[in-house]
Amino acid sequence: MAPSFEQLDPEVDYDEDEEIDFSDLREQYEVRMEEGLDTFVVVDGLPKVPPGSKDKLVKFLLRKLVGFGKTKEDNVFMPMNEANDMSEGFAFVEYETPAQAAAAVKGLHLTALDKKHTIAVNKLTDIDRYAREGRIDETYHAPEIPDFEEKDHLRWWLGDEDGRDQFVMYRGDHVGVYWNEKEDQPDEIVNRLSWTESFVQWSPKGTYLTSMHVQGVQLWGGPSWSRQKRFMHTGVNLVDFSPDERYLTTWSHQPLQVEEGNPVLSLEEDGKNYLIWDVATGKVLRSFVTLDPPGPRTDEEGQPIKKKLQWPAFKWSADAKYVARLNHGEGVSVYELPHMTLMDKKSIKVEGIVDFEWAPASPQRDNIREYEQLFCYWTPEMGSNPAKVGLMSIPTKEIVRTRNLFNVSDAKLHWQSDAAFVCVKVDRHSKSKKSLATNLEIFRVREKGVPVEVIDSIKDTVINFAWEPHGDRFVLITAGEVPAGSAVPPKTAVSFYCPEKAKGNTTGNFKLIRTVDKKNNNTIHWGPNGRFVVVATVLNQQSFDLDFYDFDFEGERDEKDKDLTANLQLMRTADHYGITDIEWDPSGRFVATSASVWKHRMENGYHLYTFSGQTLREEPLEQFKQWAWRPRPERLLSKDEMKNVRKNLREYSKQFEESDNAKRSSADKAVVDARRRQLEEWVAWRERVTEDMLEERREMGSEEISEERAALVVHEDEEQEGKVVEEGFEEIIEETEEVIG
């Protein structure tokens, strides 16, 4: 209860003129500079204009300023220079709240005002604080330019004379990087203990090796495998690079807790799950929270339902100029790089949207010369409205093609690597909803009007689909319905498709080449250059086979396939017990299969095969966790140069064979030299020990050789005299070579 006049002590003399000390209250309620001016920002880098153009410049500047908060023309103060009657080139802007000012600094700093001017936006309190703390010297001092330090060449491995590829292997607590050898054991480059705490991951072009830690993510590279970058994200679980390696997305299931004064993260990142980084600067571009996927959060018993995370949640366009995020059932938020600003300041509304996928390459639509990126999306049936698949062009947001679908249970979007086709795998249910079948809706993106070809002859459900890289052929796997109460999964069938031959540069209609029934296959892995494909069974305790196919077999072609653009041939079948993962090397020459301890603990290790399925190496390894080939960047050769290489491949192959033979001979010579050196060391040791023993016998007064040893030597000499040694020689009289056509 606050004191009143009646409660004052009458014995105490209260002087009316006595000065009351308000220092404690003044200190408590004083308006500090940082708190009073934190709604102000300073915009520098503006053009210097005369008084007549000042109002026009302010209005032009406001167009950018109001995108991050509320302000008006009266809140923009632009000082003028009285000497030359021109503006000073900067302005002070007041927002309604400090949060709006902070958003303007983050969103507008170092952005282009026009073609000639880039603005710098900072908080007024920051400028005042740095100056007050003595960090700005009034006297100009020329900057000290540090001595040049040569940095590691981050793509050094591409210069290997033998054209070898590298791979990383995670086993136990050790992470090692190796050169792959065709006939010998891998050549170790680096091996470190506890290099990562969960897994390792290459960047898309192989420049960096990513290691995961409780504190965040680290990138390694160069011949010395030094740390190139690190990104602070406590509890990080997953990472994803942009296609050009310029940006990095990190995610943690736990919201970030950022304390004031953090040297890397700001308070804006507090409570967020996703961070999008600029790899070059190591700074956060923007942060986001995890969106709950659709559906109920708890089951009938009130227990939380575990929902599968959609990863990556932020999907990159082919040129990494855009990154987009799905808002389930509402639309797509497209952000523009490098400043992560929302395109047109609002999300693209697509009611009911379930999924979308960017084109993996810049599209080349018929008669379209303007810049564009495409993404494909689909929406389910809602009320009387049918399901729909659409293609949208960015940045215009133009819908270039749609197609209505009926009786849709699910759909999956599969882009061809060159963005020439997109296949929509549509699972349709019958009217009774008791059975499922699959249709393929193939959009021909590069043809006029984007026509759609439908393959509706598939009676079972497609469980896997894969396009040929840089090609127009595909493989799919179908499975029948599982009988009620059956513990055994149904048999699968593998179908191979290719276009018919057509005139000119057009692609013919897609036709079935062959279907292989009664299989257990569930995965499809194309070689990076197309033509060769591995169809395999993984994560299956009963079956673990690998089938190696060639789509361009050079042997005889069946009469029924003469009008098709493929000649399919099964080259070889192999098996790998407990197989969990399959990876092609970037050159398309080798295939690595592995059995990871993360999935099971039976016969962990890896196998190495040639592209045709020939086994090169089988390595059982305890605590084997991960194998990953190092990716390569895009080829620098033109199409004509690559065509010339293929044309003269036989000549090049002779050079490679000579190099392999020379390497094999040098390896054999090294083995012989090592054995000869060991023999010489043993003979020298024996002579030295014999001499020491004779010296000891002399000192003891004994004979240099005992009677037993003398009798044994005489016996050996007698045997040697009666021994016959036969030697055989082989002489080549004549050698001829016959070439069979």
# chains A, B, ... in the order shown; residues from 1 in each chain; ligands from 1

call {"tool": "residues_around", "arguments": {"residues": "Leu621 in chain A", "least_positions_apart": "4", "cutoff": "9 Å", "atoms": "only C-alpha atoms", "output": "ChimeraX atom specification"}}
result
/A:171,603-606

call {"tool": "write_last_selection", "arguments": {"atoms": "all heavy atoms", "output": "PDB file, in the first residue's frame"}}
result
ATOM      1  N   ARG A 171      33.679 -45.197 -41.170  1.00  0.00           N
ATOM      2  CA  ARG A 171      33.725 -46.507 -40.533  1.00  0.00           C
ATOM      3  C   ARG A 171      34.106 -46.331 -39.070  1.00  0.00           C
ATOM      4  O   ARG A 171      35.143 -45.727 -38.764  1.00  0.00           O
ATOM      5  CB  ARG A 171      34.735 -47.402 -41.242  1.00  0.00           C
ATOM      6  CG  ARG A 171      34.951 -48.745 -40.573  1.00  0.00           C
ATOM      7  CD  ARG A 171      36.157 -49.441 -41.151  1.00  0.00           C
ATOM      8  NE  ARG A 171      36.426 -50.697 -40.488  1.00  0.00           N
ATOM      9  CZ  ARG A 171      37.541 -51.407 -40.634  1.00  0.00           C
ATOM     10  NH1 ARG A 171      38.469 -50.964 -41.467  1.00  0.00           N
ATOM     11  NH2 ARG A 171      37.710 -52.541 -39.990  1.00  0.00           N
ATOM     12  N   GLU A 603      27.095 -58.526 -41.867  1.00  0.00           N
ATOM     13  CA  GLU A 603      28.017 -58.464 -43.005  1.00  0.00           C
ATOM     14  C   GLU A 603      28.121 -57.051 -43.578  1.00  0.00           C
ATOM     15  O   GLU A 603      27.929 -56.820 -44.772  1.00  0.00           O
ATOM     16  CB  GLU A 603      27.600 -59.462 -44.093  1.00  0.00           C
ATOM     17  CG  GLU A 603      27.633 -60.901 -43.623  1.00  0.00           C
ATOM     18  CD  GLU A 603      27.403 -61.890 -44.753  1.00  0.00           C
ATOM     19  OE1 GLU A 603      27.636 -61.509 -45.918  1.00  0.00           O
ATOM     20  OE2 GLU A 603      26.997 -63.033 -44.469  1.00  0.00           O
ATOM     21  N   ASN A 604      28.410 -56.102 -42.702  1.00  0.00           N
ATOM     22  CA  ASN A 604      28.578 -54.714 -43.155  1.00  0.00           C
ATOM     23  C   ASN A 604      29.854 -54.583 -43.980  1.00  0.00           C
ATOM     24  O   ASN A 604      30.844 -55.274 -43.751  1.00  0.00           O
ATOM     25  CB  ASN A 604      28.630 -53.769 -41.954  1.00  0.00           C
ATOM     26  CG  ASN A 604      27.391 -53.858 -41.081  1.00  0.00           C
ATOM     27  OD1 ASN A 604      27.478 -54.141 -39.898  1.00  0.00           O
ATOM     28  ND2 ASN A 604      26.239 -53.640 -41.680  1.00  0.00           N
ATOM     29  N   GLY A 605      29.832 -53.682 -44.942  1.00  0.00           N
ATOM     30  CA  GLY A 605      30.979 -53.451 -45.814  1.00  0.00           C
ATOM     31  C   GLY A 605      30.512 -52.954 -47.168  1.00  0.00           C
ATOM     32  O   GLY A 605      29.383 -52.481 -47.323  1.00  0.00           O
ATOM     33  N   TYR A 606      31.387 -53.077 -48.165  1.00  0.00           N
ATOM     34  CA  TYR A 606      31.033 -52.583 -49.494  1.00  0.00           C
ATOM     35  C   TYR A 606      31.555 -53.521 -50.576  1.00  0.00           C
ATOM     36  O   TYR A 606      32.495 -54.292 -50.364  1.00  0.00           O
ATOM     37  CB  TYR A 606      31.566 -51.165 -49.714  1.00  0.00           C
ATOM     38  CG  TYR A 606      33.061 -51.084 -49.950  1.00  0.00           C
ATOM     39  CD1 TYR A 606      33.594 -51.127 -51.245  1.00  0.00           C
ATOM     40  CD2 TYR A 606      33.958 -50.966 -48.889  1.00  0.00           C
ATOM     41  CE1 TYR A 606      34.954 -51.058 -51.467  1.00  0.00           C
ATOM     42  CE2 TYR A 606      35.322 -50.899 -49.098  1.00  0.00           C
ATOM     43  CZ  TYR A 606      35.819 -50.939 -50.395  1.00  0.00           C
ATOM     44  OH  TYR A 606      37.178 -50.876 -50.614  1.00  0.00           O
TER      45      TYR A 606
END

call {"tool": "residues_around", "arguments": {"residues": "Thr71 in chain A", "least_positions_apart": "4", "cutoff": "10 Å", "atoms": "only C-alpha atoms", "output": "PyMOL selection string"}}
result
chain A and resi 62+65-67+75-76+93-97+100-101

call {"tool": "residues_around", "arguments": {"residues": "range 319-333 of chain A", "least_positions_apart": "3", "cutoff": "8 Å", "atoms": "only C-alpha atoms", "output": "MDAnalysis selection string"}}
result
chainID A and resid 242:244 291 293:294 313:316 336:338 342:343 346:356 361:362

call {"tool": "atom_distance", "arguments": {"atom1": "CA of Val121 in chain A", "atom2": "CA of Val105 in chain A"}}
result
5.2 Å

call {"tool": "atom_distance", "arguments": {"atom1": "CA of Asp563 in chain A", "atom2": "CA of Glu500 in chain A"}}
result
5.9 Å

call {"tool": "residues_around", "arguments": {"residues": "Thr461 in chain A", "least_positions_apart": "3", "cutoff": "12 Å", "atoms": "only C-alpha atoms", "output": "JSON, numbers by chain"}}
result
{"A": [409, 410, 411, 425, 426, 427, 428, 429, 435, 436, 437, 438, 439, 440, 456, 457, 458, 464, 465, 476, 477, 478, 479, 480, 481, 482, 490, 491, 492, 493, 494]}
